[in-house]
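Okay, coords30.cif is below, mmCIF, C-alpha atoms and all ligand atoms:
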```cif
data_target
#
loop_
_atom_site.label_atom_id
_atom_site.label_comp_id
_atom_site.auth_asym_id
_atom_site.auth_seq_id
_atom_site.Cartn_x
_atom_site.Cartn_y
_atom_site.Cartn_z
CA MET F 1 66.33 -8.42 9.06
CA SER F 2 66.25 -8.67 5.25
CA ILE F 3 62.65 -7.46 5.12
CA LEU F 4 63.55 -4.30 7.01
CA GLY F 5 66.93 -3.81 5.31
CA LEU F 6 68.81 -4.42 8.55
CA VAL F 7 71.27 -7.04 7.30
CA GLN F 8 74.70 -5.95 8.50
CA ARG F 9 77.71 -5.80 6.21
CA PRO F 10 79.35 -7.92 4.86
CA GLY F 11 75.96 -9.66 4.70
CA ARG F 12 73.81 -8.69 1.70
CA ILE F 13 70.75 -9.82 -0.20
CA VAL F 14 71.98 -11.72 -3.27
CA GLY F 15 68.68 -12.56 -4.93
CA GLY F 16 64.91 -12.74 -4.76
CA GLU F 17 62.18 -10.23 -4.05
CA ILE F 18 60.39 -9.01 -0.94
CA ARG F 19 56.96 -7.87 -2.13
CA PHE F 20 55.00 -5.41 0.01
CA LYS F 21 52.08 -3.43 -1.42
CA ASP F 22 53.11 -3.91 -5.04
CA GLN F 23 56.68 -2.83 -4.44
CA ASP F 24 59.89 -4.81 -4.09
CA LEU F 25 61.52 -3.80 -0.80
CA VAL F 26 64.89 -5.08 -2.04
CA LYS F 27 64.98 -2.32 -4.67
CA LEU F 28 64.15 0.57 -2.32
CA SER F 29 66.77 3.11 -1.26
CA TYR F 30 67.85 3.43 2.36
CA ASP F 31 65.58 6.47 2.91
CA GLU F 32 62.57 4.87 1.22
CA LEU F 33 62.95 1.79 3.38
CA ARG F 34 63.38 3.94 6.48
CA GLU F 35 59.91 5.40 5.82
CA ILE F 36 58.38 1.92 5.83
CA ARG F 37 60.39 0.57 8.76
CA GLY F 38 58.52 1.12 12.03
CA ARG F 39 55.56 2.70 10.25
CA ASP F 40 54.15 0.06 7.90
CA ILE F 41 56.28 -2.86 9.03
CA ALA F 42 57.38 -2.96 12.67
CA MET F 43 59.54 -5.46 14.49
CA ILE F 44 59.79 -6.76 18.04
CA PHE F 45 63.26 -8.09 18.78
CA GLN F 46 63.95 -11.05 21.03
CA ASP F 47 65.70 -9.20 23.84
CA PRO F 48 63.65 -6.16 24.91
CA LEU F 49 66.26 -5.08 27.46
CA SER F 50 68.89 -4.47 24.77
CA SER F 51 66.31 -2.95 22.40
CA LEU F 52 65.10 -0.32 24.88
CA ASN F 53 67.35 2.61 25.78
CA PRO F 54 68.14 2.18 29.51
CA VAL F 55 68.49 5.91 30.23
CA LEU F 56 65.20 7.03 28.67
CA ARG F 57 61.74 6.57 30.13
CA VAL F 58 59.71 3.90 28.35
CA GLY F 59 56.92 6.37 27.53
CA PHE F 60 59.41 8.75 25.89
CA GLN F 61 60.68 5.93 23.67
CA ILE F 62 57.17 4.97 22.56
CA ASP F 63 56.32 8.63 21.81
CA GLU F 64 59.58 8.96 19.86
CA ALA F 65 58.60 6.03 17.62
CA MET F 66 55.35 7.83 16.74
CA LEU F 67 56.96 11.26 16.25
CA ALA F 68 59.58 9.77 13.89
CA HIS F 69 56.93 8.96 11.30
CA ASP F 70 54.32 11.73 11.65
CA LYS F 71 51.61 9.12 11.18
CA VAL F 72 49.99 10.01 14.51
CA PRO F 73 49.10 13.73 15.03
CA LYS F 74 51.39 15.33 17.64
CA GLU F 75 48.61 16.11 20.10
CA GLN F 76 47.52 12.47 20.06
CA VAL F 77 50.96 11.01 20.75
CA SER F 78 50.89 11.03 24.58
CA PRO F 79 47.28 9.85 24.96
CA ARG F 80 47.98 7.12 22.39
CA GLY F 81 50.95 5.96 24.49
CA VAL F 82 48.58 5.43 27.43
CA ASP F 83 46.03 3.67 25.20
CA LEU F 84 48.75 1.39 23.81
CA PHE F 85 49.91 0.44 27.29
CA LYS F 86 46.30 -0.37 28.20
CA LEU F 87 45.98 -2.38 24.98
CA VAL F 88 48.99 -4.53 25.87
CA ARG F 89 47.56 -4.89 29.40
CA VAL F 90 50.11 -2.98 31.44
CA PRO F 91 48.40 -2.09 34.72
CA ASP F 92 48.44 1.56 35.86
CA ALA F 93 49.41 2.54 32.31
CA ALA F 94 49.92 6.32 32.73
CA ARG F 95 52.27 5.89 35.70
CA ARG F 96 54.26 2.98 34.20
CA LEU F 97 55.01 5.02 31.08
CA ARG F 98 57.18 7.25 33.29
CA ASP F 99 59.29 4.27 34.42
CA TYR F 100 62.71 3.27 33.04
CA PRO F 101 63.24 -0.15 31.37
CA HIS F 102 65.06 -1.61 34.41
CA GLN F 103 61.92 -1.02 36.49
CA PHE F 104 59.98 -3.45 34.30
CA SER F 105 59.95 -7.26 34.50
CA GLY F 106 60.91 -9.28 31.37
CA GLY F 107 57.27 -9.81 30.40
CA MET F 108 56.40 -6.13 30.95
CA ARG F 109 59.38 -5.02 28.84
CA GLN F 110 58.17 -7.28 26.04
CA ARG F 111 54.70 -5.70 26.34
CA ALA F 112 56.34 -2.26 26.07
CA MET F 113 58.12 -3.39 22.89
CA ILE F 114 54.85 -4.67 21.45
CA ALA F 115 53.20 -1.32 22.30
CA MET F 116 56.04 0.47 20.52
CA GLY F 117 55.73 -1.84 17.52
CA LEU F 118 52.00 -1.10 17.27
CA SER F 119 52.35 2.63 17.88
CA ASN F 120 52.17 3.59 14.19
CA ARG F 121 49.41 1.11 13.38
CA PRO F 122 51.66 -1.03 11.15
CA GLU F 123 50.26 -3.47 8.64
CA ILE F 124 52.81 -6.12 9.55
CA LEU F 125 54.39 -6.80 12.93
CA ILE F 126 57.41 -9.12 12.88
CA ALA F 127 57.94 -10.77 16.26
CA ASP F 128 61.42 -12.31 16.39
CA GLU F 129 61.50 -14.95 19.13
CA PRO F 130 59.31 -12.71 21.34
CA THR F 131 59.07 -15.28 24.11
CA THR F 132 62.77 -16.14 24.49
CA ALA F 133 63.99 -15.86 28.11
CA LEU F 134 60.44 -15.64 29.43
CA ASP F 135 59.02 -18.33 31.69
CA VAL F 136 56.27 -20.48 30.23
CA THR F 137 53.44 -18.66 32.00
CA VAL F 138 54.56 -15.27 30.66
CA GLN F 139 55.23 -16.90 27.25
CA ALA F 140 51.59 -17.98 27.13
CA GLN F 141 50.42 -14.46 28.10
CA ILE F 142 52.52 -12.80 25.38
CA LEU F 143 51.31 -15.26 22.73
CA GLU F 144 47.70 -14.75 23.77
CA LEU F 145 48.25 -11.00 23.66
CA LEU F 146 49.67 -11.20 20.13
CA ARG F 147 46.71 -13.30 19.00
CA ASP F 148 44.21 -10.84 20.54
CA LEU F 149 46.02 -7.86 19.00
CA ASN F 150 45.92 -9.54 15.61
CA GLU F 151 42.13 -9.84 15.93
CA GLN F 152 41.58 -6.35 17.36
CA THR F 153 43.97 -4.29 15.24
CA HIS F 154 44.04 -6.50 12.09
CA THR F 155 47.82 -6.16 12.03
CA ALA F 156 49.33 -9.24 10.37
CA ILE F 157 51.85 -10.92 12.67
CA ILE F 158 54.89 -12.89 11.51
CA LEU F 159 56.15 -14.93 14.44
CA ILE F 160 59.73 -16.19 14.13
CA THR F 161 60.58 -19.00 16.51
CA HIS F 162 62.64 -22.15 16.99
CA ASN F 163 60.08 -23.45 19.44
CA LEU F 164 57.34 -25.29 17.59
CA GLY F 165 55.49 -25.48 20.92
CA VAL F 166 54.63 -21.79 20.64
CA VAL F 167 53.58 -21.86 17.00
CA ALA F 168 49.99 -20.81 16.62
CA GLY F 169 48.24 -19.09 13.78
CA LYS F 170 47.21 -20.06 10.32
CA ARG F 171 50.27 -20.69 8.22
CA VAL F 172 53.67 -22.11 9.11
CA ILE F 173 56.86 -21.75 7.09
CA VAL F 174 59.73 -24.00 8.16
CA MET F 175 63.18 -22.82 7.11
CA TYR F 176 66.51 -24.64 7.11
CA ALA F 177 69.83 -23.03 6.14
CA GLY F 178 67.99 -19.93 4.93
CA GLU F 179 65.60 -21.78 2.61
CA ILE F 180 61.94 -22.73 2.92
CA VAL F 181 61.74 -26.51 3.29
CA GLU F 182 58.08 -26.84 4.23
CA GLU F 183 55.07 -24.57 4.22
CA GLY F 184 51.38 -25.00 4.89
CA PRO F 185 48.40 -24.69 7.22
CA VAL F 186 49.41 -25.14 10.85
CA GLU F 187 47.20 -28.24 11.41
CA GLN F 188 48.60 -30.06 8.40
CA ILE F 189 52.22 -29.34 9.32
CA PHE F 190 51.71 -30.49 12.90
CA GLU F 191 49.65 -33.57 12.07
CA ALA F 192 51.57 -34.80 9.05
CA PRO F 193 54.96 -33.08 8.60
CA GLN F 194 56.51 -34.18 5.31
CA HIS F 195 60.04 -32.80 5.52
CA PRO F 196 62.42 -34.81 7.75
CA TYR F 197 63.66 -31.56 9.36
CA THR F 198 60.12 -30.55 10.43
CA TRP F 199 59.50 -34.11 11.57
CA SER F 200 62.73 -34.00 13.62
CA LEU F 201 61.81 -30.64 15.19
CA LEU F 202 58.42 -31.94 16.26
CA ARG F 203 59.95 -35.15 17.53
CA SER F 204 62.34 -33.10 19.70
CA LEU F 205 59.52 -31.46 21.66
CA PRO F 206 59.45 -32.79 25.25
CA ARG F 207 56.30 -34.84 25.85
CA ILE F 208 54.44 -34.59 29.12
CA ASN F 209 53.46 -38.27 28.98
CA ALA F 210 56.97 -39.54 28.18
CA ASP F 211 58.65 -42.11 30.39
CA ARG F 212 60.74 -40.11 32.89
CA ARG F 213 63.78 -42.25 32.08
CA GLU F 214 63.47 -41.52 28.37
CA ARG F 215 66.21 -39.23 27.02
CA LEU F 216 65.18 -35.98 25.37
CA ARG F 217 65.44 -36.35 21.61
CA SER F 218 67.53 -34.03 19.51
CA ILE F 219 68.56 -33.70 15.86
CA GLU F 220 71.92 -35.34 15.16
CA GLY F 221 74.76 -33.13 13.94
CA LEU F 222 75.06 -29.37 13.67
CA PRO F 223 73.40 -26.68 11.53
CA PRO F 224 75.46 -26.08 8.37
CA ASP F 225 78.03 -23.32 7.95
CA LEU F 226 76.12 -20.75 5.87
CA ILE F 227 79.35 -19.66 4.15
CA LYS F 228 80.02 -23.20 2.94
CA LEU F 229 76.69 -24.93 2.44
CA PRO F 230 76.50 -28.66 1.68
CA SER F 231 75.73 -29.73 -1.89
CA GLY F 232 72.28 -31.07 -2.81
CA CYS F 233 69.76 -30.97 0.00
CA LYS F 234 71.19 -28.83 2.80
CA PHE F 235 69.79 -31.23 5.40
CA HIS F 236 71.52 -34.33 3.98
CA PRO F 237 74.45 -34.38 6.49
CA ARG F 238 71.89 -34.86 9.29
CA CYS F 239 69.06 -36.73 7.60
CA PRO F 240 68.36 -40.38 8.53
CA PHE F 241 66.30 -40.93 5.35
CA ARG F 242 68.70 -39.49 2.75
CA VAL F 243 69.08 -41.18 -0.62
CA ASP F 244 71.90 -40.87 -3.17
CA LYS F 245 70.19 -38.01 -5.01
CA CYS F 246 70.12 -35.91 -1.81
CA PHE F 247 73.92 -35.48 -1.99
CA THR F 248 73.83 -33.84 -5.41
CA ASP F 249 70.38 -32.43 -6.22
CA ASP F 250 68.59 -29.72 -4.25
CA PRO F 251 64.86 -30.57 -4.02
CA LYS F 252 62.34 -27.84 -4.82
CA LEU F 253 59.06 -27.19 -3.00
CA GLN F 254 56.20 -29.30 -4.31
CA TYR F 255 52.56 -29.58 -3.28
CA VAL F 256 51.83 -32.61 -1.11
CA GLY F 257 48.13 -31.99 -0.45
CA GLY F 258 46.03 -28.81 -0.43
CA ALA F 259 48.20 -25.78 0.33
CA HIS F 260 50.86 -27.95 1.99
CA GLN F 261 54.28 -27.92 0.27
CA ALA F 262 57.60 -29.56 1.11
CA ALA F 263 61.03 -29.82 -0.53
CA CYS F 264 62.31 -33.37 -0.14
CA TRP F 265 63.19 -36.30 -2.42
CA VAL F 266 61.70 -38.79 0.04
CA MET F 267 58.92 -37.14 2.19
CA MET F 268 57.82 -38.64 5.49
CA ASP F 269 54.74 -40.41 4.11
CA GLN F 270 57.04 -42.33 1.78
CA ALA F 271 59.49 -43.02 4.65
CA TYR F 272 56.66 -44.50 6.78
CA LYS F 273 55.70 -46.77 3.86
CA THR F 274 59.24 -47.81 3.03
CA TYR F 275 60.28 -48.65 6.59
CA GLY F 276 56.84 -49.82 7.80
CA THR F 277 56.80 -47.71 10.95
CA HIS F 278 56.01 -44.23 12.27
CA ASP F 279 58.45 -44.58 15.15
CA PHE F 280 62.09 -44.26 14.15
CA THR F 281 64.46 -44.73 17.05
CA ASP F 282 67.72 -44.59 15.10
CA THR F 283 67.96 -41.08 13.70
CA ARG F 284 71.68 -40.87 12.96
CA PRO F 285 72.50 -39.49 9.49
CA GLY F 286 71.70 -42.14 6.91
CA ALA F 287 70.64 -44.64 9.59
CA MET F 288 67.33 -45.60 8.02
CA SER F 289 68.33 -45.63 4.37
CA GLY F 290 71.89 -46.90 4.90
CA VAL F 291 73.08 -44.25 2.42
CA HIS F 292 76.36 -42.61 3.39
CA PRO F 293 78.94 -40.39 1.65
CA PRO F 294 81.82 -42.16 -0.15
CA GLY F 295 84.56 -43.19 2.28
CA TYR F 296 82.16 -43.31 5.23
CA THR F 297 83.26 -45.69 7.97
CA PRO F 298 80.84 -46.47 10.77
CA GLN F 299 82.14 -45.41 14.17
CA VAL F 300 82.48 -48.51 16.30
CA THR F 301 83.81 -48.86 19.86
CA PRO F 302 86.70 -51.32 20.58
CA GLU F 303 84.02 -53.70 21.95
CA GLY F 304 82.27 -53.61 18.56
CA ARG F 305 79.34 -51.42 19.61
CA LEU F 306 78.09 -49.03 16.91
CA LEU F 307 78.19 -45.52 18.32
CA GLU F 308 74.86 -43.87 18.91
CA THR F 309 75.65 -40.23 18.20
CA PRO F 310 78.47 -38.02 16.86
CA ALA F 311 78.78 -36.61 20.42
CA GLU F 312 79.46 -40.11 21.71
CA ALA F 313 82.11 -40.60 19.03
CA ALA F 314 83.82 -37.33 20.04
CA GLU F 315 83.79 -38.45 23.67
CA LEU F 316 85.45 -41.73 22.72
CA VAL F 317 88.19 -39.88 20.83
CA SER F 318 88.87 -37.56 23.79
CA GLU F 319 89.00 -40.56 26.16
CA ALA F 320 91.48 -42.31 23.90
CA THR F 321 93.73 -39.24 23.64
CA PRO F 322 96.20 -39.16 26.58
CA ALA F 323 96.15 -35.91 28.56
CA ALA F 324 99.21 -33.68 28.02
CA GLU F 325 101.98 -34.03 30.59
CA PRO F 326 101.91 -31.16 33.08
CA VAL F 327 104.69 -28.61 32.45
CA THR F 328 107.16 -28.43 35.37
CA ASP F 329 109.78 -25.79 36.13
CA ASP F 330 112.77 -28.12 35.93
S1 LIG E 401 65.45 -37.23 2.36
FE1 LIG E 401 66.95 -36.14 1.15
S2 LIG E 401 65.89 -34.40 0.33
FE2 LIG E 401 64.66 -35.17 2.03
S3 LIG E 401 65.39 -34.01 3.78
FE3 LIG E 401 66.54 -35.89 3.75
S4 LIG E 401 68.38 -35.34 2.67
FE4 LIG E 401 66.89 -33.77 2.20
#
```
So that I can check it, write out the structure of this file as C-alpha cells.
Ligand code: SF4
Amino acid sequence: MSILGLVQRPGRIVGGEIRFKDQDLVKLSYDELREIRGRDIAMIFQDPLSSLNPVLRVGFQIDEAMLAHDKVPKEQVSPRGVDLFKLVRVPDAARRLRDYPHQFSGGMRQRAMIAMGLSNRPEILIADEPTTALDVTVQAQILELLRDLNEQTHTAIILITHNLGVVAGKRVIVMYAGEIVEEGPVEQIFEAPQHPYTWSLLRSLPRINADRRERLRSIEGLPPDLIKLPSGCKFHPRCPFRVDKCFTDDPKLQYVGGAHQAACWVMMDQAYKTYGTHDFTDTRPGAMSGVHPPGYTPQVTPEGRLLETPAEAAELVSEATPAAEPVTDD
C-alpha cells in the first residue's frame, strides 16, 4: 500500500524512502504516483471478487486498465486482452472476456486480476496474498503461473504472504510489526532461520509426517498493537528466548552469513548452542531463557500445574468467574 501511495488516512508514511528507478516514490505528488501505479508497478489484491467491478464485463475492465495509461496503442487493446487471458491460461479466452466476475470461479477471477496487473507490462507486480481463499490445488496453479510469468515477461514479482508454505522465489523478507526482522536467500531462511519469529512461523507449518495426535503449533500471544508498540525488540512479549536487553534495546539487522541478515540479540544458532537442542517444546514467552518483565508471576493452577498457554490462563479465569445471575421480571 505504501509503495503505491494507497495508505488510507489517518495512516501516513513517517519516514524512509521507496526507491524505484532512481526516484523516491515517497516524494512524488499524487498525480505523479498515479502515472506509475498500474503502469510501472501493478498490484494484485487478495480478494479478486471485491477488486473487480461486478456490473462490468471482465474484458472491459482489463481494457480500461490499458486505456488509462496509454502505454498500449488503442487498436491493440482488445487483441492484447485476449492474449493476456491466454497467457494466464484462461480457456476459451475471447468468449470468457465477455463474462461478468460472478461467472468466474475464485481461481479464474485471480487469473483475470493477474491479466489486468500485467496489461501495461509493468516492471514490478505486487501480489498481496494472491492465494488466500483458494484451495491448495488452485493455490499451486496460481503460484506456478506467477513463476512462469516472471520467467516469460521478466516482470519482477513481490509476493506478500503469511503462509511460508507458498513462499518460492529467490529472496525472502520476513517482517514483524512493520519492520524487517530477517532477510536472505530463500534456501538459507528455510534451512537455518535465525530470528525467533521466522523460526516460530516455520515451526507452525503443519507437517505431513506429524503424529496425528500432535497439536498444531502456534506462536504464543498476539501481534502487537501498532499504535502502541512494545519497547526494545517488538517480538519480546512473545519470544521464548528473550534476554534482558530485548526489553529495552531494538536490535538492528546484521549479516549472519552471506546475504542472510537478521535482527536479534540472541539468534537461533546461539539458542541451539545455549540450550543444547534444536527441538524446543516450551515456547511460552521467556520460557527458555527464564527472563520475564518485572512483576511477572507465573500462572499456576490451584493444583500447582504451570499453565501452558495464555489461552489456557484466560480459560481458567473465565471458569473461576461465576456466571451472572439471570435477570427476572420480579
Ligand atoms: S531474542 Fe530478543 S531480540 Fe531476538 S527475537 Fe527474541 S526478543 Fe527479539
Report as a tab-separated table: every residue of chain F with an atom at most 7 Å from ligand LIG 401 (chain E), its closest pair of atoms, and their distance in Å to one decimal, counting all atoms listed in the file, with rows sorted by chain and ascending residue number.
```
residue	atom	partner	partner_atom	distance
F:His195	CA	E:LIG401	S3	5.8
F:Pro196	CA	E:LIG401	S3	5.0
F:Tyr197	CA	E:LIG401	S3	6.3
F:Cys233	CA	E:LIG401	FE4	4.6
F:Lys234	CA	E:LIG401	FE4	6.6
F:Phe235	CA	E:LIG401	FE4	5.0
F:His236	CA	E:LIG401	S4	3.5
F:Cys239	CA	E:LIG401	FE3	4.7
F:Pro240	CA	E:LIG401	FE3	6.8
F:Phe241	CA	E:LIG401	S1	4.8
F:Arg242	CA	E:LIG401	S1	4.0
F:Val243	CA	E:LIG401	FE1	5.8
F:Cys246	CA	E:LIG401	FE1	4.3
F:Pro251	CA	E:LIG401	S2	5.9
F:Ala263	CA	E:LIG401	S2	6.7
F:Cys264	CA	E:LIG401	FE2	3.7
F:Trp265	CA	E:LIG401	S2	4.3
F:Val266	CA	E:LIG401	S1	4.7
F:Met267	CA	E:LIG401	FE2	6.1
```
### Message
Show me, as a list in words, the residues that have an atom within 10 Å of Leu25 of chain F when counting all atoms listed in the file, minus same-chain residues fewer than 4 positions from it.
### Response
Ser2, Ile3, Leu4, Gly5, Glu17, Ile18, Arg19, Phe20, Lys21, Ser29, Glu32, Leu33 and Ile36 of chain F
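Near segment 53-65 of chain F, within 7 Å and counting only C-alpha atoms, sit F:Ser51, F:Leu67, F:Ala68, F:Val77, F:Ser78, F:Gly81, F:Leu97, F:Arg98, F:Asp99, F:Tyr100, F:Pro101, F:His102, F:Met116; same-chain residues fewer than 2 positions away were not included.
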### Query
Taking into account all atoms listed in the file, which residue in the set F:Pro294, F:Ser105, F:Arg215, F:Leu253 is nearest to Met175 of chain F?
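Among the listed residues, F:Leu253 lies closest to Met175 of chain F.
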Please enclose the listed atoms of segment 74-77 of chain F in an axis-aligned box, pad each side by 8 Å, and write out the centre and the three edge lengths in Å, rounded to one decimal, as lines of an AutoDock Vina configuration file.
```
center_x = 49.5
center_y = 13.6
center_z = 19.2
size_x = 19.9
size_y = 21.1
size_z = 19.1
```
### Message
Using Å and a single decimal, report how far atom CA of Asp250 of chain F sits from atom CA of Asp225 of chain F.
### Response
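According to the coordinates, atom CA of Asp225 of chain F and atom CA of Asp250 of chain F are separated by 16.7 Å.
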#### Entry: Distance of atom CA of Arg238 of chain F from atom CA of Gly286 of chain F, expressed in Å to one decimal place
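We find that atom CA of Gly286 of chain F and atom CA of Arg238 of chain F lie 7.7 Å from each other.
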### Non-local contacts of segment 161-172 of chain F (8 Å; all atoms listed in the file; under 3 positions in same chain excluded) as a list in words
Asp128, Glu129, Leu143, Arg147, Glu183, Gly184, Pro185, Val186, Ile189, Leu201, Leu202 and Leu205 of chain F
### Query
Expressed in Å to a single decimal, how great is the separation between atom CA of Met288 of chain F and atom CA of Glu187 of chain F?
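Separating atom CA of Met288 of chain F from atom CA of Glu187 of chain F is a distance of 26.8 Å.
Remark: for Pro48 of chain F, the closest of the candidate residues F:Val7, F:Met1, F:Met108, F:Val90 is F:Met108 (distances computed over only C-alpha atoms).
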### Query
Quick one: residues within 10 Å of Gln141 of chain F, only C-alpha atoms counted, chain neighbours fewer than 5 positions away excluded, as a list in words?
Gly107, Arg111, Thr131, Val136, Leu146 and Arg147 of chain F
### Message
Which residues are close to Phe85 of chain F, i.e. within 9 Å by all atoms listed in the file, leaving aside same-chain residues fewer than 5 positions away? Reply as a VMD selection string.
### Response
chain F and resid 80 90 to 94 96 to 97 111 to 112 115
Expected file contents, prior selection, C-alpha atoms, as a PDB file, keeping the file's coordinate frame:
```pdb
ATOM      1  CA  ARG F  80      47.980   7.120  22.390  1.00  0.00           C
ATOM      2  CA  VAL F  90      50.110  -2.980  31.440  1.00  0.00           C
ATOM      3  CA  PRO F  91      48.400  -2.090  34.720  1.00  0.00           C
ATOM      4  CA  ASP F  92      48.440   1.560  35.860  1.00  0.00           C
ATOM      5  CA  ALA F  93      49.410   2.540  32.310  1.00  0.00           C
ATOM      6  CA  ALA F  94      49.920   6.320  32.730  1.00  0.00           C
ATOM      7  CA  ARG F  96      54.260   2.980  34.200  1.00  0.00           C
ATOM      8  CA  LEU F  97      55.010   5.020  31.080  1.00  0.00           C
ATOM      9  CA  ARG F 111      54.700  -5.700  26.340  1.00  0.00           C
ATOM     10  CA  ALA F 112      56.340  -2.260  26.070  1.00  0.00           C
ATOM     11  CA  ALA F 115      53.200  -1.320  22.300  1.00  0.00           C
TER      12      ALA F 115
END
```
